[in-house]
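Enquirer: The following file, protein29.cif, comprises mmCIF, C-alpha atoms and all ligand atoms:
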data_my_file
#
loop_
_atom_site.label_atom_id
_atom_site.label_comp_id
_atom_site.auth_asym_id
_atom_site.auth_seq_id
_atom_site.Cartn_x
_atom_site.Cartn_y
_atom_site.Cartn_z
CA MET A 1 59.09 34.04 54.97
CA ALA A 2 62.25 33.64 53.00
CA ARG A 3 65.81 33.05 54.10
CA PRO A 4 68.66 35.28 52.90
CA ASP A 5 69.42 32.84 50.04
CA GLY A 6 65.95 33.52 48.60
CA HIS A 7 64.65 30.08 49.54
CA LEU A 8 61.36 29.71 51.38
CA GLU A 9 61.53 28.39 54.94
CA GLU A 10 59.57 25.42 53.75
CA GLU A 11 59.18 24.11 50.22
CA LYS A 12 55.66 24.55 48.80
CA VAL A 13 54.03 21.97 46.58
CA PHE A 14 51.07 22.06 44.21
CA LYS A 15 49.28 18.84 43.34
CA ASP A 16 49.25 18.41 39.59
CA PRO A 17 47.58 15.67 37.54
CA VAL A 18 50.37 15.61 34.94
CA HIS A 19 53.57 15.99 36.99
CA ARG A 20 52.07 14.79 40.30
CA TYR A 21 53.78 17.59 42.26
CA ILE A 22 55.08 21.02 41.39
CA HIS A 23 57.81 22.11 43.77
CA VAL A 24 58.47 25.71 44.73
CA ARG A 25 61.34 26.58 46.99
CA ASP A 26 62.21 30.09 45.78
CA GLU A 27 60.43 33.07 47.25
CA LEU A 28 60.61 34.77 43.85
CA ILE A 29 58.54 32.03 42.18
CA TRP A 30 56.06 31.91 45.04
CA GLU A 31 55.44 35.66 44.77
CA LEU A 32 55.16 35.62 40.98
CA ILE A 33 52.44 32.98 41.24
CA ALA A 34 50.58 35.24 43.69
CA ALA A 35 50.74 38.29 41.36
CA ARG A 36 47.37 39.31 39.93
CA GLU A 37 48.50 39.10 36.30
CA PHE A 38 49.45 35.47 36.91
CA GLN A 39 46.28 34.63 38.85
CA ARG A 40 44.32 35.96 35.87
CA LEU A 41 45.58 33.00 33.83
CA ARG A 42 43.19 30.81 35.84
CA ARG A 43 40.37 32.46 33.88
CA ILE A 44 41.83 31.79 30.43
CA ARG A 45 41.59 28.33 28.93
CA GLN A 46 44.74 26.77 27.58
CA LEU A 47 42.95 25.43 24.50
CA GLY A 48 40.40 28.15 23.71
CA THR A 49 37.31 26.62 22.07
CA THR A 50 38.59 23.01 22.21
CA TYR A 51 36.27 22.29 25.17
CA LEU A 52 33.41 22.30 22.65
CA THR A 53 35.01 19.27 20.97
CA PHE A 54 36.78 17.52 23.87
CA HIS A 55 34.70 18.32 26.92
CA GLY A 56 37.56 17.72 29.36
CA ALA A 57 39.68 20.49 27.86
CA GLU A 58 38.74 23.08 30.47
CA HIS A 59 42.27 23.45 31.81
CA SER A 60 43.69 26.94 32.14
CA ARG A 61 46.88 28.70 31.17
CA PHE A 62 47.58 28.90 34.90
CA THR A 63 47.95 25.13 35.20
CA HIS A 64 50.04 24.93 32.00
CA SER A 65 52.33 27.73 33.18
CA LEU A 66 52.98 25.94 36.48
CA GLY A 67 53.73 22.78 34.48
CA VAL A 68 56.27 24.52 32.23
CA TYR A 69 57.91 25.94 35.35
CA GLU A 70 58.14 22.44 36.88
CA ILE A 71 59.70 20.91 33.74
CA MET A 72 62.17 23.79 33.62
CA ARG A 73 63.00 23.26 37.29
CA ARG A 74 63.85 19.63 36.56
CA MET A 75 65.80 20.49 33.41
CA VAL A 76 67.88 23.02 35.32
CA GLU A 77 68.46 20.55 38.15
CA ASN A 78 69.73 17.93 35.66
CA LEU A 79 71.81 20.34 33.62
CA GLU A 80 73.45 21.83 36.70
CA LYS A 81 74.97 18.42 37.40
CA LYS A 82 76.80 18.69 34.08
CA MET A 83 77.80 22.35 33.97
CA THR A 84 78.35 25.43 36.07
CA TRP A 85 76.82 28.83 35.48
CA ASP A 86 76.05 32.07 37.24
CA PRO A 87 73.52 31.11 40.00
CA ASP A 88 71.34 34.00 38.86
CA GLU A 89 70.68 32.22 35.58
CA ARG A 90 68.72 29.53 37.34
CA LEU A 91 66.13 32.03 38.57
CA VAL A 92 66.01 33.74 35.18
CA CYS A 93 65.17 30.34 33.63
CA LEU A 94 62.49 29.52 36.17
CA ALA A 95 60.82 32.93 36.02
CA ALA A 96 60.84 32.90 32.21
CA ALA A 97 59.24 29.45 32.15
CA LEU A 98 56.55 30.49 34.61
CA LEU A 99 55.76 33.75 32.80
CA HIS A 100 56.17 32.75 29.14
CA ASP A 101 52.39 32.90 28.48
CA ILE A 102 51.54 35.79 30.83
CA GLY A 103 50.43 38.00 27.92
CA HIS A 104 47.78 35.63 26.58
CA GLY A 105 44.29 37.04 26.48
CA PRO A 106 40.93 35.28 26.30
CA PHE A 107 40.58 33.09 23.19
CA SER A 108 43.93 34.42 22.02
CA HIS A 109 43.88 33.00 18.51
CA SER A 110 40.64 34.65 17.45
CA PHE A 111 41.39 37.88 19.29
CA GLU A 112 44.79 38.25 17.73
CA LYS A 113 43.39 37.73 14.26
CA VAL A 114 40.49 40.12 14.64
CA PHE A 115 42.24 42.88 16.58
CA GLN A 116 45.78 42.47 15.28
CA THR A 117 47.08 42.27 18.83
CA ASP A 118 50.02 40.10 19.76
CA HIS A 119 50.24 38.18 23.04
CA GLU A 120 54.04 38.32 22.85
CA GLU A 121 53.95 42.11 22.99
CA TRP A 122 51.60 41.98 25.98
CA THR A 123 53.95 39.50 27.65
CA GLN A 124 56.79 42.00 27.31
CA ALA A 125 54.54 44.81 28.53
CA ILE A 126 53.45 42.91 31.65
CA ILE A 127 56.99 41.82 32.57
CA THR A 128 58.68 45.17 32.01
CA GLY A 129 55.76 47.56 32.60
CA ASP A 130 53.70 48.75 35.53
CA SER A 131 52.49 45.44 37.01
CA GLU A 132 52.68 43.31 40.14
CA VAL A 133 54.81 40.81 38.21
CA ASN A 134 57.31 43.55 37.41
CA ALA A 135 57.39 44.74 41.03
CA VAL A 136 58.30 41.20 42.18
CA LEU A 137 60.96 40.74 39.47
CA SER A 138 62.50 44.14 40.13
CA ARG A 139 63.34 43.17 43.71
CA MET A 140 65.93 40.79 42.21
CA GLY A 141 67.87 43.68 40.75
CA GLU A 142 67.50 46.39 38.21
CA ASP A 143 68.02 44.35 35.06
CA PHE A 144 66.34 41.13 36.20
CA ALA A 145 62.89 41.77 34.66
CA GLY A 146 64.57 42.73 31.38
CA ARG A 147 66.56 39.49 31.36
CA VAL A 148 63.41 37.41 31.89
CA ALA A 149 61.67 39.32 29.09
CA ASP A 150 64.67 38.74 26.79
CA VAL A 151 64.61 34.97 27.37
CA ILE A 152 60.94 34.87 26.36
CA ALA A 153 61.59 37.14 23.36
CA LYS A 154 64.50 34.81 22.38
CA THR A 155 66.96 37.71 22.38
CA TYR A 156 68.82 36.68 25.55
CA ASP A 157 72.54 36.18 25.01
CA ASN A 158 72.62 32.75 26.68
CA LYS A 159 71.11 30.70 23.83
CA LEU A 160 71.11 27.50 25.86
CA ILE A 161 68.53 29.08 28.18
CA VAL A 162 66.46 30.32 25.24
CA SER A 163 66.43 26.81 23.74
CA LEU A 164 65.07 25.32 26.97
CA ILE A 165 61.94 27.42 26.67
CA SER A 166 61.55 27.85 22.93
CA SER A 167 62.94 25.39 20.47
CA GLN A 168 61.54 22.32 18.79
CA ILE A 169 61.81 20.39 22.01
CA ASP A 170 61.39 22.64 25.01
CA ALA A 171 59.67 22.85 28.39
CA ASP A 172 56.64 24.64 26.90
CA ARG A 173 55.93 22.01 24.25
CA MET A 174 56.62 19.12 26.60
CA ASP A 175 54.08 20.40 29.10
CA TYR A 176 51.34 21.28 26.66
CA LEU A 177 51.54 17.98 24.79
CA LEU A 178 51.27 15.96 28.00
CA ARG A 179 48.72 18.25 29.60
CA ASP A 180 46.48 18.66 26.56
CA ALA A 181 46.52 14.89 26.01
CA PHE A 182 45.58 14.34 29.65
CA TYR A 183 42.69 16.82 29.69
CA THR A 184 41.29 15.96 26.26
CA GLY A 185 41.53 12.26 27.12
CA VAL A 186 43.35 11.29 23.93
CA SER A 187 46.27 8.90 24.09
CA TYR A 188 48.43 10.40 21.29
CA GLY A 189 50.26 13.03 23.33
CA GLN A 190 52.10 10.61 25.60
CA PHE A 191 55.88 10.34 25.53
CA ASP A 192 58.54 9.54 28.07
CA MET A 193 59.44 12.92 29.49
CA GLU A 194 61.51 11.50 32.34
CA ARG A 195 63.74 9.78 29.83
CA LEU A 196 64.04 12.91 27.68
CA LEU A 197 65.17 14.91 30.70
CA ARG A 198 67.72 12.26 31.63
CA VAL A 199 69.34 12.17 28.19
CA MET A 200 69.45 15.95 27.79
CA ARG A 201 72.95 17.45 27.61
CA PRO A 202 73.97 21.12 27.71
CA GLU A 203 75.89 22.47 24.71
CA GLU A 204 76.99 26.00 24.09
CA ASP A 205 73.86 27.28 22.38
CA GLN A 206 71.27 24.56 22.90
CA ALA A 207 70.43 21.41 24.80
CA VAL A 208 71.10 18.19 22.85
CA PHE A 209 70.09 14.58 23.46
CA LYS A 210 72.26 11.54 23.97
CA HIS A 211 72.04 9.22 20.98
CA SER A 212 70.79 6.38 23.19
CA GLY A 213 67.67 8.46 23.90
CA MET A 214 66.76 8.88 20.23
CA HIS A 215 63.61 6.78 20.46
CA ALA A 216 62.24 8.98 23.23
CA VAL A 217 62.84 12.00 20.99
CA GLU A 218 61.09 10.27 18.07
CA ASP A 219 58.15 9.50 20.29
CA TYR A 220 57.91 13.16 21.27
CA ILE A 221 57.98 14.31 17.61
CA LEU A 222 55.28 11.82 16.65
CA SER A 223 53.06 12.78 19.58
CA ARG A 224 53.35 16.36 18.45
CA TYR A 225 52.36 15.43 14.93
CA GLN A 226 49.37 13.44 16.18
CA MET A 227 48.17 16.09 18.61
CA TYR A 228 48.22 18.75 15.91
CA TRP A 229 45.95 16.87 13.61
CA GLN A 230 43.76 15.09 16.14
CA VAL A 231 43.29 17.87 18.67
CA TYR A 232 44.67 21.30 17.78
CA PHE A 233 43.28 21.47 14.26
CA HIS A 234 40.09 19.55 14.97
CA PRO A 235 37.45 20.83 12.51
CA VAL A 236 34.77 21.21 15.20
CA THR A 237 37.08 23.37 17.30
CA ARG A 238 37.87 25.40 14.23
CA SER A 239 34.17 25.81 13.51
CA ALA A 240 33.75 27.34 16.97
CA GLU A 241 36.76 29.62 16.31
CA VAL A 242 35.21 30.70 13.02
CA ILE A 243 32.00 31.70 14.81
CA LEU A 244 33.88 33.40 17.64
CA SER A 245 35.91 35.54 15.25
CA ARG A 246 32.76 36.42 13.29
CA ILE A 247 31.06 37.57 16.50
CA LEU A 248 33.96 39.91 17.22
CA ASN A 249 33.96 41.18 13.64
CA ARG A 250 30.24 41.78 13.77
CA ALA A 251 30.44 43.66 17.06
CA ARG A 252 33.15 45.88 15.64
CA GLU A 253 31.16 46.53 12.48
CA LEU A 254 28.03 47.41 14.46
CA LEU A 255 29.98 49.75 16.70
CA GLU A 256 31.36 51.55 13.64
CA GLU A 257 27.83 51.89 12.26
CA ASN A 258 26.65 53.38 15.58
CA TYR A 259 24.25 50.51 16.11
CA GLU A 260 22.44 50.80 19.43
CA PHE A 261 23.58 47.85 21.48
CA ARG A 262 21.39 46.67 24.33
CA GLN A 263 24.70 45.65 25.85
CA GLN A 264 27.44 48.06 24.78
CA PRO A 265 30.81 46.35 24.25
CA VAL A 266 32.54 48.64 26.74
CA HIS A 267 35.35 46.18 27.47
CA PHE A 268 36.20 45.90 23.78
CA VAL A 269 36.05 49.52 22.65
CA SER A 270 39.71 50.17 23.39
CA LEU A 271 40.60 46.96 21.53
CA PHE A 272 38.51 47.99 18.54
CA ASN A 273 40.20 51.37 18.32
CA ALA A 274 43.63 50.17 19.46
CA THR A 275 43.88 52.32 22.59
CA MET A 276 43.90 49.44 25.06
CA THR A 277 46.03 50.03 28.15
CA LEU A 278 47.85 47.37 30.14
CA GLU A 279 45.29 47.75 32.92
CA ASP A 280 42.37 47.22 30.47
CA TYR A 281 44.10 44.19 29.03
CA VAL A 282 44.81 42.52 32.34
CA ARG A 283 41.14 42.83 33.24
CA LEU A 284 39.95 40.92 30.16
CA ASP A 285 39.28 37.25 30.66
CA GLU A 286 37.00 34.57 29.29
CA SER A 287 34.24 35.11 31.84
CA ILE A 288 33.81 38.66 30.49
CA ILE A 289 33.61 37.36 26.93
CA PHE A 290 30.93 34.84 27.90
CA TYR A 291 28.97 37.56 29.64
CA TYR A 292 28.80 39.59 26.43
CA PHE A 293 27.96 36.62 24.25
CA GLN A 294 25.17 35.64 26.62
CA GLU A 295 23.79 39.18 26.55
CA TRP A 296 24.18 39.60 22.78
CA VAL A 297 21.89 36.63 22.19
CA LYS A 298 19.14 39.18 22.90
CA GLU A 299 20.38 41.86 20.47
CA THR A 300 18.09 43.02 17.66
CA ASP A 301 20.83 42.62 15.07
CA PRO A 302 19.97 39.18 13.65
CA ILE A 303 23.56 38.28 12.74
CA LEU A 304 25.07 39.10 16.13
CA SER A 305 22.21 37.41 17.94
CA ASP A 306 22.34 34.27 15.79
CA LEU A 307 26.14 33.90 16.00
CA CYS A 308 26.12 34.32 19.79
CA THR A 309 23.32 31.77 20.14
CA ARG A 310 25.31 29.36 18.01
CA PHE A 311 28.39 29.81 20.14
CA MET A 312 26.66 29.54 23.52
CA ASP A 313 24.45 26.58 22.54
CA ARG A 314 27.07 24.89 20.40
CA HIS A 315 25.09 25.03 17.17
CA LEU A 316 28.22 25.21 15.11
CA PHE A 317 28.79 25.45 11.37
CA LYS A 318 29.29 22.31 9.32
CA TYR A 319 32.13 22.05 6.84
CA VAL A 320 33.29 20.52 3.60
CA GLU A 321 36.89 19.99 2.54
CA CYS A 322 37.81 22.37 -0.21
CA ASP A 323 40.53 23.06 -2.68
CA PRO A 324 41.01 26.84 -2.85
CA SER A 325 41.96 26.80 -6.54
CA GLN A 326 38.80 24.89 -7.52
CA GLN A 327 36.68 26.82 -5.17
CA MET A 328 37.45 30.20 -6.77
CA LEU A 329 35.32 29.12 -9.74
CA ILE A 330 32.13 28.72 -7.75
CA TRP A 331 32.79 31.47 -5.21
CA PRO A 332 30.89 34.30 -6.99
CA GLU A 333 27.83 32.12 -7.53
CA LEU A 334 27.88 30.88 -3.94
CA GLN A 335 28.13 34.38 -2.54
CA GLU A 336 25.31 35.56 -4.76
CA LEU A 337 23.09 32.67 -3.64
CA PHE A 338 23.86 33.37 0.03
CA ARG A 339 22.87 37.01 -0.41
CA LYS A 340 19.67 35.99 -2.14
CA ILE A 341 18.53 33.79 0.72
CA GLY A 342 19.38 36.52 3.26
CA LEU A 343 22.67 35.16 4.68
CA HIS A 344 25.57 37.62 4.77
CA PRO A 345 28.42 35.68 3.10
CA SER A 346 31.13 37.37 5.22
CA TYR A 347 29.57 35.78 8.29
CA TYR A 348 28.08 32.55 6.99
CA LEU A 349 30.48 31.31 4.33
CA VAL A 350 34.00 31.04 5.67
CA ILE A 351 37.20 29.36 4.48
CA ASP A 352 39.63 28.32 7.19
CA SER A 353 43.07 26.82 6.64
CA SER A 354 45.53 25.20 8.99
CA SER A 355 48.98 23.85 8.56
CA ASP A 356 51.83 22.60 10.64
CA LEU A 357 55.38 21.45 10.25
CA PRO A 358 55.79 18.46 12.56
CA TYR A 359 59.56 18.79 12.64
CA ASP A 360 61.70 21.18 10.74
CA PHE A 361 65.32 20.35 10.17
CA TYR A 362 67.97 22.88 9.49
CA ARG A 363 68.11 24.24 5.98
CA PRO A 364 71.21 26.34 5.44
CA GLY A 365 70.51 29.80 4.10
CA GLU A 366 66.86 29.75 4.99
CA LYS A 367 65.55 32.21 7.47
CA ASP A 368 64.02 30.04 10.12
CA GLU A 369 63.91 30.59 13.83
CA ARG A 370 63.35 26.94 14.59
CA MET A 371 66.58 25.31 15.63
CA PRO A 372 66.97 21.66 14.70
CA ILE A 373 67.24 18.96 17.36
CA HIS A 374 70.71 17.49 17.71
CA LEU A 375 71.82 14.11 18.98
CA GLN A 376 75.09 13.64 20.77
CA MET A 377 76.83 10.65 19.22
CA PRO A 378 78.96 8.19 21.25
CA ASP A 379 82.16 9.96 20.00
CA GLY A 380 80.84 13.31 21.25
CA SER A 381 80.00 14.75 17.82
CA LEU A 382 76.57 16.19 17.08
CA ARG A 383 74.18 15.01 14.40
CA GLU A 384 70.91 16.53 13.32
CA LEU A 385 68.03 14.26 14.32
CA SER A 386 66.51 13.58 10.88
CA ARG A 387 69.89 12.29 9.61
CA GLU A 388 69.79 9.54 12.21
CA SER A 389 66.09 8.80 12.54
CA ASP A 390 64.21 7.31 9.57
CA ILE A 391 60.88 8.09 11.20
CA VAL A 392 61.68 11.74 11.70
CA GLU A 393 63.20 12.01 8.25
CA ALA A 394 59.95 10.75 6.77
CA ILE A 395 57.95 13.64 8.25
CA SER A 396 60.64 16.35 8.27
CA GLY A 397 59.90 19.65 6.66
CA LYS A 398 56.66 18.39 5.16
CA LYS A 399 54.08 21.05 5.37
CA ARG A 400 50.56 19.77 5.34
CA THR A 401 47.78 22.27 4.84
CA ASP A 402 44.11 21.66 4.78
CA HIS A 403 41.31 23.98 3.86
CA LYS A 404 37.74 23.77 4.98
CA LEU A 405 34.67 25.71 4.02
CA TYR A 406 32.30 26.40 6.93
CA PHE A 407 28.58 27.15 6.58
CA PRO A 408 25.31 26.87 8.58
CA ALA A 409 23.99 23.55 7.29
CA ASP A 410 20.87 23.76 9.49
CA LEU A 411 19.67 26.91 7.68
CA LEU A 412 20.32 25.40 4.25
CA GLU A 413 18.60 22.13 5.03
CA ASP A 414 15.45 23.91 6.17
CA GLN A 415 13.96 24.36 2.71
CA THR A 416 10.55 25.85 3.60
CA THR A 417 11.78 29.04 1.91
CA PHE A 418 14.18 29.51 -1.05
CA ALA A 419 14.17 25.76 -1.61
CA GLU A 420 15.70 25.99 -5.08
CA GLU A 421 18.57 28.30 -4.06
CA LYS A 422 19.38 26.28 -0.96
CA GLN A 423 19.42 23.07 -2.91
CA ARG A 424 21.79 24.64 -5.44
CA ILE A 425 24.09 25.82 -2.61
CA LEU A 426 24.22 22.35 -1.07
CA THR A 427 24.97 20.82 -4.47
CA LEU A 428 27.82 23.28 -5.06
CA LEU A 429 29.27 22.66 -1.59
CA HIS A 430 29.17 18.91 -1.89
CA GLN A 431 30.72 19.04 -5.34
CA GLN A 432 33.65 20.71 -3.61
CA GLU A 433 34.15 17.80 -1.38
CA GLY A 434 34.05 15.39 -4.31
CA SER A 435 36.56 17.35 -6.36
CA CA B 1 52.85 27.87 26.40
#
Using structure tokens, write down the structure from this file.

Expert:
Amino acid sequence: MARPDGHLEEEKVFKDPVHRYIHVRDELIWELIAAREFQRLRRIRQLGTTYLTFHGAEHSRFTHSLGVYEIMRRMVENLEKKMTWDPDERLVCLAAALLHDIGHGPFSHSFEKVFQTDHEEWTQAIITGDSEVNAVLSRMGEDFAGRVADVIAKTYDNKLIVSLISSQIDADRMDYLLRDAFYTGVSYGQFDMERLLRVMRPEEDQAVFKHSGMHAVEDYILSRYQMYWQVYFHPVTRSAEVILSRILNRARELLEENYEFRQQPVHFVSLFNATMTLEDYVRLDESIIFYYFQEWVKETDPILSDLCTRFMDRHLFKYVECDPSQQMLIWPELQELFRKIGLHPSYYLVIDSSSDLPYDFYRPGEKDERMPIHLQMPDGSLRELSRESDIVEAISGKKRTDHKLYFPADLLEDQTTFAEEKQRILTLLHQQEGS
């Protein structure tokens, strides 16, 4: 039951291992959490295949979304002490924080690559289309759902609100760094969020940080840098992603060739031919994907069956570091050797690259959506973070990319057949690493 001001009779709380408690006092938020599109996020892992590397990383997008909402709730509470705004804006902020990931599907990264779908488009579709989430939002007024969607799409006219949810230091990043560090068990992601929230100050188009809180901001930037390389781009996780995307590619290829599946990919057909409806999409989750992979282990197609077995039993590909320019020289020979020993190179010889900018400062004239972080100096003026912080300056704008070549080492090391070819492949691969 809600009172006329939209507040619940009694505040609700969720226990949370990262923020201890998540407080809900608005009926709107309570009802959004209950909507089926939001409940579905319980069945989608926040970190995709990372659980195969860090076994604790089983947390869902549901728990992350609640966390982003809670951080936003605290940000808004702090900022409201320092400014006044239309009371409606508070609920727009909270709803946008809660729903910012609502369009994510199962194993989003692989799915988006293979099917050219975009979770941001699905987010817009769920918020503004025919959904329970939209029905709840629409009770707030005709344009309310559109405003929430605009904040998430970064097109909302109040840029301060946009910056709270998507900038270089926002509620989304703060929650996932803390939460992913907690569930993976690594210590790199820690930073003093309480302090960051206390030194945050509203400016016209973004939140800035009091100069005295600079070290807390530095700590946050460094934790981000560490988490990227230690957790998000972990080569074992990427190996699992490589196999996952190859499974989806293989299934699509087989479907196009009219292969007779024992287990038809009925849930994927509309994805494969790009006719997926909102209703189809909302029904997809990771348990469905696992069901197919489990069933496809028994398929007669040796590639699909082998890749699914690898994924389910965690027999992943091994990797060597590679330099793409060097590697072009040996690529034709490698592919030829793979074909000769009966391994399809498109599925068993895969280059994967990752890169990240730990902190990007403003570069005039460059098209870049990432707004720099600003410090508020004692005289009230604003200074870009990397001009004040030596640590941040040292890692600013430095793009680090690494390339790895993935392959099934177990099949190459078993040299009962094609011993000569396999030995040659291993030599070529290890030369890569040495070069
Ligand atoms: Ca997020």

Enquirer: Nearest residue to Pro235 of chain A out of A:Ile289, A:Val208, A:Leu316, A:Met83, using only C-alpha atoms?

Expert: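 Looking only at the distances to Pro235 of chain A, the closest residue turns out to be A:Leu316.
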
Enquirer: Interatomic distance between atom CA of Ile391 of chain A and atom CA of His403 of chain A?

Expert: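 Separation of atom CA of Ile391 of chain A and atom CA of His403 of chain A: 26.3 Å.
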
Enquirer: List as a PyMOL selection string the protein and nucleic acid residues near segment 156-172 of chain A, meaning an atom at most 8 Å away when only C-alpha atoms are counted, but skip any in the same chain fewer than 6 places from it.

Expert: chain A and resi 68-69+71-72+93+96-97+147+150+202-207+359+370-373

Enquirer: Of the candidates A:Leu52, A:Val133, A:Ile288, A:Leu337, which shows the shortest atom-to-atom distance to Val231 of chain A, using only C-alpha atoms?

Expert: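 Of all the options, A:Leu52 lies closest to Val231 of chain A.
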
Enquirer: For Glu421 of chain A, which residue among A:His23, A:Arg40, A:Arg339, A:His59 is the nearest when counting only C-alpha atoms?

Expert: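 So, comparing all the options, the nearest one is A:Arg339.
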
Enquirer: Tell me which protein, DNA and RNA residues are within 10 Å of Glu58 of chain A, counting all atoms listed in the file, leaving out same-chain ones fewer than 3 positions away, and put them as a count of residues only.

Expert: 15

Enquirer: Residues at most 9 Å from Met193 of chain A, counting only C-alpha atoms, excluding those fewer than 6 positions away in the same chain, as a ChimeraX atom specification?

Expert: /A:174,178,216,220

Enquirer: Write out as a ChimeraX atom specification the residues lying within 12 Å of Asp301 of chain A, counting all atoms listed in the file and excluding same-chain residues fewer than 2 positions away.

Expert: /A:247,250-251,253-255,257,259-263,296-299,303-308
